[in-house]
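Colleague: This is structure.tsv, which holds TSV, C-alpha atoms:
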```tsv
chain	number	residue	atom	x	y	z
A	1	MET	CA	106.65	97.44	82.57
A	2	ASN	CA	103.75	99.64	81.55
A	3	CYS	CA	103.90	103.28	80.45
A	4	ASP	CA	102.97	104.52	83.93
A	5	GLU	CA	105.93	102.73	85.49
A	6	ALA	CA	108.11	103.98	82.65
A	7	PHE	CA	107.14	107.56	83.50
A	8	ASP	CA	108.12	106.87	87.12
A	9	LEU	CA	111.56	105.79	85.97
A	10	ILE	CA	111.98	108.57	83.39
A	11	THR	CA	111.46	111.11	86.17
A	12	HIS	CA	113.38	109.11	88.77
A	13	PRO	CA	116.21	111.16	90.28
A	14	THR	CA	118.72	108.28	90.12
A	15	ASP	CA	117.35	105.27	88.19
A	16	HIS	CA	116.56	107.12	84.98
A	17	ASN	CA	119.07	105.10	82.95
A	18	CYS	CA	118.17	101.60	84.07
A	19	GLU	CA	118.08	98.77	81.51
A	20	GLU	CA	114.45	97.98	82.11
A	21	LEU	CA	113.49	101.50	81.07
A	22	GLN	CA	115.71	101.36	77.99
A	23	TRP	CA	113.98	98.16	76.86
A	24	HIS	CA	110.60	99.76	77.32
A	25	LEU	CA	111.67	102.86	75.41
A	26	GLU	CA	112.86	100.72	72.50
A	27	LEU	CA	109.44	99.13	72.27
A	28	CYS	CA	107.20	102.09	73.09
A	29	PRO	CA	107.31	105.07	70.71
A	30	ARG	CA	104.92	107.05	72.92
A	31	CYS	CA	107.21	106.96	75.95
A	32	ARG	CA	110.24	107.56	73.74
A	33	GLN	CA	108.57	110.68	72.39
A	34	MET	CA	107.69	111.77	75.93
A	35	LYS	CA	111.27	111.39	77.10
A	36	GLU	CA	112.60	113.34	74.12
A	37	THR	CA	110.12	116.12	74.77
A	38	LEU	CA	111.04	116.36	78.44
A	39	ALA	CA	114.76	115.93	77.82
A	40	PRO	CA	115.84	119.57	78.22
A	41	ALA	CA	114.30	119.77	81.70
A	42	LEU	CA	115.20	116.23	82.75
A	43	ASP	CA	118.81	116.59	81.68
A	44	THR	CA	119.21	119.72	83.79
A	45	PHE	CA	117.72	118.06	86.86
A	46	HIS	CA	119.78	114.92	86.41
A	47	GLN	CA	122.96	116.86	85.79
A	48	ILE	CA	122.50	118.84	89.00
A	49	LEU	CA	121.64	115.71	90.96
A	50	ASP	CA	124.44	113.64	89.44
A	51	ASP	CA	126.88	116.19	90.74
A	52	SER	CA	125.62	114.99	94.12
A	53	LEU	CA	125.60	118.22	96.03
A	54	ASN	CA	126.26	117.62	99.66
A	55	ASP	CA	126.57	119.91	102.61
A	56	SER	CA	130.09	120.98	101.78
A	57	ASP	CA	128.98	121.88	98.25
A	58	PHE	CA	126.22	123.96	99.72
A	59	ASN	CA	128.73	125.76	101.86
A	60	GLU	CA	130.84	126.45	98.79
A	61	MET	CA	127.88	127.50	96.70
A	62	GLY	CA	126.08	129.14	99.55
A	63	SER	CA	124.94	132.38	98.07
A	64	ASP	CA	121.77	134.01	96.96
A	65	LEU	CA	120.47	132.94	93.59
A	66	HIS	CA	118.45	136.15	93.46
A	67	GLN	CA	119.76	139.51	94.43
A	68	MET	CA	117.31	141.26	96.68
A	69	GLN	CA	117.09	144.97	96.17
A	70	ASP	CA	116.26	145.28	99.79
A	71	GLN	CA	116.94	143.06	102.72
A	72	LYS	CA	113.37	142.65	103.86
A	73	SER	CA	113.54	138.89	103.64
A	74	ALA	CA	115.47	138.86	106.86
A	75	ALA	CA	112.48	140.43	108.56
A	76	HIS	CA	110.49	137.24	108.03
A	77	PHE	CA	112.78	135.44	110.43
A	78	PRO	CA	113.60	136.22	114.02
A	79	GLN	CA	116.79	138.03	114.75
A	80	ALA	CA	119.87	135.97	115.38
A	81	GLY	CA	119.93	134.52	118.83
A	82	ASN	CA	116.17	134.30	119.15
A	83	PRO	CA	114.63	130.85	119.00
A	84	PHE	CA	113.07	129.95	115.66
A	85	LEU	CA	110.51	127.76	117.25
A	86	SER	CA	107.08	129.28	117.71
A	87	ALA	CA	103.77	127.87	118.85
A	88	GLU	CA	102.47	128.23	115.32
A	89	THR	CA	105.30	126.11	113.91
A	90	VAL	CA	104.71	123.36	116.44
A	91	ARG	CA	101.01	123.45	115.62
A	92	ILE	CA	101.84	123.00	111.94
A	93	ALA	CA	103.87	119.89	112.82
A	94	GLU	CA	101.10	118.48	115.01
A	95	GLN	CA	98.45	119.13	112.38
A	96	ALA	CA	100.58	117.38	109.78
A	97	ALA	CA	100.98	114.39	112.10
A	98	THR	CA	97.23	114.26	112.75
A	99	ARG	CA	96.40	114.39	109.04
A	100	LEU	CA	98.99	111.76	108.08
A	101	ARG	CA	97.87	109.45	110.88
A	102	ALA	CA	94.23	109.80	109.79
A	103	GLU	CA	95.16	109.04	106.20
A	104	ALA	CA	97.25	106.03	107.25
A	105	GLU	CA	94.34	104.70	109.31
A	106	SER	CA	91.82	105.28	106.51
A	107	ASN	CA	94.16	103.47	104.12
A	108	GLN	CA	94.32	100.54	106.52
A	109	LEU	CA	90.53	100.54	106.83
A	110	THR	CA	90.05	100.55	103.09
A	111	LYS	CA	92.61	97.78	102.72
A	112	GLN	CA	90.91	95.55	105.30
A	113	PRO	CA	87.48	95.46	103.60
A	114	ALA	CA	89.25	94.90	100.32
A	115	LYS	CA	91.02	91.91	101.87
A	116	SER	CA	87.83	90.50	103.35
A	117	LYS	CA	86.00	90.99	100.05
A	118	LEU	CA	88.77	89.13	98.28
A	119	TYR	CA	88.55	86.34	100.83
A	120	GLN	CA	84.76	86.11	100.40
A	121	ARG	CA	85.10	86.04	96.63
A	122	ARG	CA	87.64	83.23	96.83
A	123	LEU	CA	85.35	81.28	99.12
A	124	MET	CA	82.46	81.79	96.69
A	125	HIS	CA	84.59	80.57	93.79
A	126	ALA	CA	85.67	77.51	95.74
A	127	ALA	CA	82.04	76.74	96.65
A	128	LEU	CA	80.95	77.14	93.03
A	129	ILE	CA	83.71	74.86	91.79
A	130	LEU	CA	82.79	72.28	94.42
A	131	PHE	CA	79.09	72.48	93.49
A	132	ALA	CA	79.86	72.16	89.80
A	133	GLY	CA	82.07	69.16	90.55
A	134	ILE	CA	79.28	67.49	92.54
A	135	LEU	CA	76.78	68.17	89.75
A	136	MET	CA	79.09	66.75	87.13
A	137	GLY	CA	79.80	63.68	89.23
A	138	TRP	CA	76.09	63.10	89.81
A	139	GLY	CA	75.35	63.52	86.10
A	140	VAL	CA	78.03	61.06	85.09
A	141	SER	CA	76.87	58.51	87.63
A	142	ALA	CA	73.26	58.84	86.37
A	143	LEU	CA	74.29	58.27	82.76
A	144	THR	CA	76.54	55.32	83.44
A	145	PRO	CA	74.82	51.86	83.46
A	146	GLU	CA	74.96	49.71	86.57
A	147	ASN	CA	77.24	47.06	85.09
A	148	HIS	CA	80.18	48.92	83.92
A	149	ILE	CA	80.74	47.51	80.45
A	150	PRO	CA	83.35	49.40	78.56
A	151	VAL	CA	81.99	51.62	75.86
A	152	GLY	CA	83.62	49.68	73.09
A	153	ALA	CA	82.41	46.34	74.42
A	154	ASN	CA	78.88	46.75	73.08
A	155	ASN	CA	80.14	47.53	69.64
A	156	LEU	CA	82.45	44.54	69.76
A	157	GLN	CA	79.54	42.38	70.77
A	158	LYS	CA	77.66	43.62	67.74
A	159	GLN	CA	80.54	43.13	65.44
A	160	GLN	CA	81.88	39.85	66.76
A	161	PRO	CA	79.41	38.01	68.99
A	162	CYS	CA	80.90	35.66	71.51
A	163	LEU	CA	81.14	32.17	70.04
A	164	TRP	CA	79.50	30.41	72.99
A	165	ILE	CA	76.69	32.92	73.24
A	166	ALA	CA	76.14	32.77	69.50
A	167	GLN	CA	76.05	28.97	69.60
A	168	SER	CA	73.63	28.82	72.50
A	169	THR	CA	71.44	31.48	70.84
A	170	GLU	CA	71.47	29.46	67.66
A	171	ASN	CA	70.52	26.26	69.53
A	172	ALA	CA	67.78	28.10	71.34
A	173	LYS	CA	66.47	29.46	68.07
A	174	GLN	CA	66.52	25.99	66.52
A	175	SER	CA	64.77	24.34	69.45
A	176	TYR	CA	62.18	27.10	69.47
A	177	GLN	CA	61.64	26.63	65.76
A	178	THR	CA	61.16	22.83	66.10
A	179	GLU	CA	58.85	23.32	69.03
A	180	MET	CA	56.80	25.80	67.04
A	181	ASP	CA	56.70	23.41	64.12
A	182	ARG	CA	55.56	20.57	66.40
A	183	VAL	CA	52.87	22.73	67.94
A	184	SER	CA	51.56	23.75	64.56
A	185	VAL	CA	51.37	20.12	63.36
A	186	ASN	CA	49.52	19.06	66.49
A	187	ASN	CA	47.08	21.92	66.03
A	188	VAL	CA	46.35	20.85	62.43
A	189	VAL	CA	45.84	17.23	63.51
A	190	LEU	CA	43.60	18.23	66.37
A	191	SER	CA	41.51	20.52	64.17
A	192	CYS	CA	41.19	17.77	61.60
A	193	VAL	CA	40.24	15.19	64.24
A	194	ALA	CA	37.70	17.56	65.69
A	195	CYS	CA	36.00	18.13	62.36
A	196	HIS	CA	36.06	14.51	61.41
A	197	LEU	CA	34.74	13.37	64.78
A	198	GLN	CA	31.79	15.72	64.48
A	199	SER	CA	30.98	14.51	60.98
A	200	THR	CA	31.14	10.82	61.99
A	201	ALA	CA	28.97	11.52	65.00
A	202	LYS	CA	26.31	13.03	62.76
B	1	MET	CA	122.03	101.91	111.10
B	2	TYR	CA	118.54	102.60	112.44
B	3	ASP	CA	115.61	103.49	110.25
B	4	ASP	CA	113.79	106.78	110.73
B	5	ALA	CA	110.92	105.34	112.76
B	6	THR	CA	113.28	103.61	115.18
B	7	ILE	CA	115.29	106.78	115.64
B	8	MET	CA	112.13	108.74	116.37
B	9	LYS	CA	111.02	106.11	118.85
B	10	ARG	CA	114.35	106.36	120.67
B	11	VAL	CA	114.30	110.15	120.51
B	12	CYS	CA	110.87	110.09	122.12
B	13	ALA	CA	112.32	107.79	124.77
B	14	GLY	CA	114.93	110.42	125.62
B	15	GLU	CA	117.90	109.76	123.31
B	16	TYR	CA	117.75	113.26	121.87
B	17	LEU	CA	121.18	113.18	120.27
B	18	LEU	CA	119.96	110.59	117.77
B	19	PHE	CA	117.89	113.31	116.16
B	20	ASP	CA	121.15	114.58	114.62
B	21	GLU	CA	121.15	111.51	112.41
B	22	LEU	CA	117.80	112.54	110.95
B	23	VAL	CA	119.08	116.07	110.39
B	24	LEU	CA	122.08	114.68	108.51
B	25	ARG	CA	119.85	112.48	106.38
B	26	TYR	CA	117.45	115.18	105.23
B	27	ARG	CA	119.20	118.54	105.55
B	28	ALA	CA	120.76	118.64	102.07
B	29	ARG	CA	117.53	117.74	100.30
B	30	LEU	CA	115.48	120.25	102.25
B	31	LEU	CA	118.08	122.93	101.63
B	32	ARG	CA	118.09	122.30	97.91
B	33	PHE	CA	114.31	122.55	97.87
B	34	ALA	CA	114.14	125.83	99.77
B	35	TRP	CA	117.11	127.36	98.02
B	36	SER	CA	115.58	126.70	94.61
B	37	LYS	CA	112.24	128.08	95.82
B	38	PHE	CA	113.40	131.30	97.45
B	39	GLY	CA	116.82	131.81	95.94
B	40	ASN	CA	118.05	133.01	99.28
B	41	PHE	CA	120.45	130.67	100.96
B	42	SER	CA	120.18	132.06	104.47
B	43	ALA	CA	116.38	132.01	104.27
B	44	ALA	CA	116.56	128.41	103.09
B	45	GLU	CA	118.82	127.48	106.00
B	46	ASP	CA	116.48	129.17	108.46
B	47	LEU	CA	113.45	127.34	107.07
B	48	VAL	CA	115.23	123.99	107.24
B	49	GLN	CA	116.26	124.63	110.81
B	50	GLU	CA	112.74	125.68	111.72
B	51	ALA	CA	111.32	122.48	110.20
B	52	PHE	CA	113.69	120.28	112.20
B	53	LEU	CA	113.00	122.19	115.39
B	54	SER	CA	109.24	121.89	114.99
B	55	ALA	CA	109.52	118.16	114.22
B	56	PHE	CA	111.57	117.75	117.37
B	57	ALA	CA	109.18	119.83	119.46
B	58	ALA	CA	106.16	117.88	118.18
B	59	ARG	CA	107.94	114.51	118.34
B	60	GLU	CA	105.27	113.02	120.61
B	61	SER	CA	102.68	113.47	117.88
B	62	TYR	CA	104.72	111.37	115.45
B	63	ASN	CA	103.23	107.96	114.75
B	64	PRO	CA	105.14	105.15	112.98
B	65	SER	CA	102.01	104.42	110.88
B	66	PHE	CA	103.29	107.14	108.53
B	67	ALA	CA	106.83	107.74	107.32
B	68	PHE	CA	108.98	110.28	109.13
B	69	SER	CA	110.17	111.63	105.79
B	70	THR	CA	106.58	112.37	104.69
B	71	TRP	CA	105.89	114.11	107.96
B	72	LEU	CA	109.05	116.20	107.82
B	73	TRP	CA	108.41	117.18	104.20
B	74	THR	CA	104.82	118.10	105.02
B	75	ILE	CA	105.98	120.36	107.84
B	76	PHE	CA	108.65	121.85	105.64
B	77	LEU	CA	106.31	122.42	102.71
B	78	ASN	CA	103.83	124.18	104.97
B	79	LEU	CA	106.57	126.39	106.41
B	80	CYS	CA	107.77	127.22	102.90
B	81	ARG	CA	104.24	128.10	101.81
B	82	ARG	CA	103.75	130.30	104.84
B	83	HIS	CA	107.01	132.06	104.05
B	84	TYR	CA	106.03	132.34	100.39
B	85	LYS	CA	102.71	133.96	101.35
B	86	ARG	CA	104.48	136.46	103.59
B	87	GLU	CA	106.76	137.33	100.74
B	88	GLN	CA	103.77	137.79	98.43
B	89	ARG	CA	102.12	140.07	100.99
B	90	SER	CA	105.18	142.29	101.15
B	91	PRO	CA	106.33	142.15	97.55
B	92	ARG	CA	109.74	143.34	96.65
B	93	GLU	CA	111.53	143.42	93.40
B	94	ILE	CA	113.68	140.43	92.79
B	95	VAL	CA	116.42	140.76	90.28
B	96	HIS	CA	117.54	137.40	89.04
B	97	SER	CA	121.21	137.16	89.40
B	98	SER	CA	123.75	137.01	86.74
B	99	MET	CA	127.05	135.42	87.60
B	100	THR	CA	128.79	138.72	87.80
B	101	ASP	CA	126.79	140.44	90.46
B	102	ALA	CA	125.25	137.87	92.75
B	103	VAL	CA	127.01	134.58	93.01
B	104	VAL	CA	130.16	134.58	94.98
B	105	ILE	CA	132.60	132.18	93.47
B	106	PRO	CA	134.30	130.37	96.30
B	107	GLU	CA	137.95	129.71	96.73
B	108	PRO	CA	139.28	126.79	94.68
B	109	SER	CA	138.86	123.45	96.37
B	110	SER	CA	140.72	120.24	95.80
B	111	SER	CA	137.79	118.56	94.08
B	112	GLU	CA	136.37	121.21	91.80
B	113	THR	CA	137.72	124.20	89.99
B	114	PRO	CA	136.07	127.57	90.51
B	115	LEU	CA	134.81	127.40	86.96
B	116	GLU	CA	133.05	124.09	87.61
B	117	ILE	CA	131.46	125.44	90.75
B	118	ALA	CA	130.44	128.59	88.95
B	119	LEU	CA	128.87	126.61	86.10
B	120	LYS	CA	127.07	124.37	88.55
B	121	THR	CA	125.74	127.37	90.43
B	122	GLU	CA	124.68	129.08	87.25
B	123	GLN	CA	122.84	126.01	86.05
B	124	PHE	CA	121.09	125.69	89.41
B	125	ALA	CA	120.20	129.38	89.37
B	126	LEU	CA	118.72	129.08	85.89
B	127	LEU	CA	116.65	126.09	86.91
B	128	ALA	CA	115.47	127.87	90.05
B	129	ARG	CA	114.45	130.86	87.93
B	130	TYR	CA	112.43	128.75	85.50
B	131	LEU	CA	110.85	126.89	88.40
B	132	SER	CA	109.73	130.20	89.89
B	133	GLU	CA	107.87	130.92	86.65
B	134	LEU	CA	105.71	127.82	87.08
B	135	SER	CA	102.64	127.65	89.29
B	136	GLU	CA	103.57	127.02	92.92
B	137	VAL	CA	102.08	123.52	93.07
B	138	GLN	CA	103.79	122.40	89.89
B	139	ALA	CA	107.14	123.80	90.96
B	140	ASP	CA	106.81	122.25	94.43
B	141	ALA	CA	105.89	118.87	92.94
B	142	LEU	CA	108.99	119.00	90.74
B	143	ARG	CA	111.20	120.03	93.65
B	144	LEU	CA	109.83	117.23	95.82
B	145	ARG	CA	110.36	114.70	93.03
B	146	PHE	CA	113.89	115.69	92.06
B	147	PHE	CA	115.42	117.51	95.01
B	148	GLY	CA	113.52	115.56	97.64
B	149	GLY	CA	113.90	112.25	95.78
B	150	MET	CA	110.33	111.36	96.75
B	151	LYS	CA	108.02	108.78	95.26
B	152	PHE	CA	104.78	109.96	93.71
B	153	THR	CA	102.78	108.44	96.55
B	154	GLU	CA	104.84	110.43	99.06
B	155	ILE	CA	104.42	113.60	96.99
B	156	ALA	CA	100.67	113.04	96.96
B	157	LEU	CA	100.64	112.61	100.75
B	158	THR	CA	102.87	115.62	101.36
B	159	MET	CA	100.91	117.88	99.03
B	160	ASP	CA	97.58	116.44	100.19
B	161	CYS	CA	96.44	115.55	96.70
B	162	SER	CA	95.67	112.40	94.73
B	163	LEU	CA	98.37	110.24	93.18
B	164	SER	CA	97.28	111.10	89.66
B	165	ALA	CA	97.26	114.81	90.52
B	166	ALA	CA	100.85	114.51	91.77
B	167	LYS	CA	101.91	112.84	88.53
B	168	ILE	CA	100.10	115.38	86.39
B	169	ARG	CA	101.74	118.25	88.28
B	170	VAL	CA	105.18	116.76	87.69
B	171	LYS	CA	104.46	115.99	84.06
B	172	ASN	CA	102.99	119.38	83.18
B	173	GLY	CA	105.71	121.16	85.12
B	174	LEU	CA	108.38	119.26	83.22
B	175	LEU	CA	106.71	120.02	79.89
B	176	GLN	CA	106.70	123.74	80.64
B	177	LEU	CA	110.27	123.65	81.91
B	178	ALA	CA	111.44	121.75	78.82
B	179	HIS	CA	109.71	124.30	76.62
B	180	ARG	CA	111.40	127.12	78.53
B	181	PHE	CA	114.85	125.54	78.26
B	182	SER	CA	114.33	124.93	74.54
B	183	GLU	CA	113.32	128.56	74.04
B	184	ALA	CA	116.38	129.74	75.94
B	185	SER	CA	118.76	127.58	73.92
B	186	THR	CA	117.12	128.75	70.68
B	187	SER	CA	117.49	132.40	71.65
B	188	GLU	CA	121.11	131.80	72.64
B	189	GLY	CA	121.71	130.24	69.24
B	190	ASP	CA	120.16	133.25	67.53
B	191	VAL	CA	122.38	135.64	69.47
B	192	SER	CA	125.55	133.71	68.64
```
If you convert what's in this file into structure tokens, what do you get?

Modeller:
Amino acid sequence: MNCDEAFDLITHPTDHNCEELQWHLELCPRCRQMKETLAPALDTFHQILDDSLNDSDFNEMGSDLHQMQDQKSAAHFPQAGNPFLSAETVRIAEQAATRLRAEAESNQLTKQPAKSKLYQRRLMHAALILFAGILMGWGVSALTPENHIPVGANNLQKQQPCLWIAQSTENAKQSYQTEMDRVSVNNVVLSCVACHLQSTAK
Amino acid sequence: MYDDATIMKRVCAGEYLLFDELVLRYRARLLRFAWSKFGNFSAAEDLVQEAFLSAFAARESYNPSFAFSTWLWTIFLNLCRRHYKREQRSPREIVHSSMTDAVVIPEPSSSETPLEIALKTEQFALLARYLSELSEVQADALRLRFFGGMKFTEIALTMDCSLSAAKIRVKNGLLQLAHRFSEASTSEGDVS
């Protein structure tokens, strides 16, 4: 409950003592202060309303609160027996109906665009989320290698090379080395032979 | 039990007697409003009757898109304002009553003693007097809130003002009333 709702309840004709309000007042010194300030007026209103005046009470209490020094007030109303209803009164009622209907319609009109705007905003959010999801998915797929080796697998390979691969690599290295050695010896022999053949020919 | 809109729909269809139900629902609240505004019970009764009659006469203009209560209160408030203006145009001296000279204490009833009724009437009269010292819009907003039992949104619609304006009227009116009651109790304490 916020302070605005608390004010609604503080000034509520019947629900002014509800638990929800009491909790709010315990927590909110501002509203507590407000209620204390308004207490003299509120208590009077609530006391009168709690007595729940009904029609019979009105009949019992039915008297003038103010004493008129003259009785001119009666002149504002038609004499007894005459109808109260006048064209002006009916016009007042019709004007009130027209105004209220216009306000109700304008409220509906303002609510409808608000609803459509909310719908559009939701759609936009959904589209954005979808687009972001597609982008993320595309990015991930671009970064991931074709053969899906687990991330830790490469490290493991570096730390503990597979025995068979290591052995074959070692053999390959050795064979390459012997081949290179053989090639180099042949080259030396050939170069020697070439030199010596030239010298003997001369 | 039908709601107000349904009753009005049926009244418009020709079931005129159902309108009595609406009168029973709202009469006491309207009476309390007018009585506290004008202090004259017979004038209050006449205004209430006039409001119901005009609502009945203009029943075809009622539309369920707005609440019957708001419509009735709007009619009633306009009638009260018209009456108030007429009173202002032909001013007369109003002497606020004391219990001795104005309020007729009724015969004892089974539920309440004459003293209780007298105290209740006195309290109501005092409140009505302090309300009359406020500006008309503030006093009307307070009457609609407490005597009419209306929500702030309904008060705003009835008084043709914004929601915040309705709340401010009630709040400022209550502040002034509280100040007035405090002053009165202080002065009473000084006298005693």

Colleague: Just give me the gap between atom CA of A:Arg32 and atom CA of B:Glu122 in Å, one decimal is fine.

Modeller: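 According to the coordinates, atom CA of A:Arg32 and atom CA of B:Glu122 are separated by 29.2 Å.
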
Colleague: Using only C-alpha atoms, which protein or nucleic acid residues come within 7 Å of stretch 168-171 of chain B? Drop anything in the same chain fewer than 2 positions from it, and give the result as a list in words.

Modeller: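 My list of contacting residues is Gln138, Ala141, Leu142, Ser164, Ala165, Ala166, Gly173, Leu174 and Leu175 of chain B.
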
Colleague: So the first atom is atom CA of A:Leu100 and the second is atom CA of B:Ser54; what is the distance between them in Å, to one decimal place?

Modeller: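 Taking atom CA of A:Leu100 as the start and atom CA of B:Ser54 as the end point, the length is 16.0 Å.
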
Colleague: Would you mind reading off the distance between atom CA of B:Lys167 and atom CA of B:Phe152, one decimal, in Å?

Modeller: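 Interatomic distance, atom CA of B:Lys167 to atom CA of B:Phe152: 6.6 Å.
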
Colleague: So that I can see what lies close to B:Tyr130, please list as a list in words the residues with an atom at most 9 Å from it, counting all atoms listed in the file and leaving out residues fewer than 6 positions away in the same chain.

Modeller: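 Near neighbours after the sequence-gap exclusion: Leu177, Arg180 and Phe181 of chain B.
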
Colleague: Find the residue from B:Leu119, B:Phe33, B:Ala139, B:Leu77 that sits nearest to B:Asn172; use only C-alpha atoms when measuring.

Modeller: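 Comparing B:Leu119, B:Phe33, B:Ala139, B:Leu77 against B:Asn172, the winner is B:Ala139.
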
Colleague: Show which residues sit within 7 Å of B:Val48, as a list in words. Count only C-alpha atoms, and ignore same-chain residues fewer than 2 positions away.

Modeller: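 Returned residues: Arg27, Leu30, Leu31, Ala44, Glu45, Asp46, Glu50, Ala51 and Phe52 of chain B.
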
Colleague: Go ahead and save the picked residues with C-alpha atoms, as a tab-separated table (two decimals), in the coordinates of the input.

Modeller:
```
chain	number	residue	atom	x	y	z
B	27	ARG	CA	119.20	118.54	105.55
B	30	LEU	CA	115.48	120.25	102.25
B	31	LEU	CA	118.08	122.93	101.63
B	44	ALA	CA	116.56	128.41	103.09
B	45	GLU	CA	118.82	127.48	106.00
B	46	ASP	CA	116.48	129.17	108.46
B	50	GLU	CA	112.74	125.68	111.72
B	51	ALA	CA	111.32	122.48	110.20
B	52	PHE	CA	113.69	120.28	112.20
```

Colleague: Quick one: everything within 10 Å of A:Phe7, counting only C-alpha atoms, minus sequence neighbours fewer than 4 positions away in the same chain. Send it as a ChimeraX atom specification.

Modeller: /A:2-3,11-12,16,21,31,34-35 /B:167,171

Colleague: Up to 9 Å from (106.6, 120.4, 111.2) in the file's coordinates: name the residues, counting all atoms listed in the file, as a PyMOL selection string.

Modeller: (chain A and resi 89-97) or (chain B and resi 50-58+71-79)

Colleague: Restricting the calculation to all atoms listed in the file, which member of A:Asn17, A:Gln177, A:Ser106, A:Gln22 is positioned closest to chain B?

Modeller: A:Ser106

Colleague: Find, counting all atoms listed in the file, the residue in A:Met180, A:Leu38, A:Ala127, A:Leu190 that gets nearest to chain B.

Modeller: A:Leu38
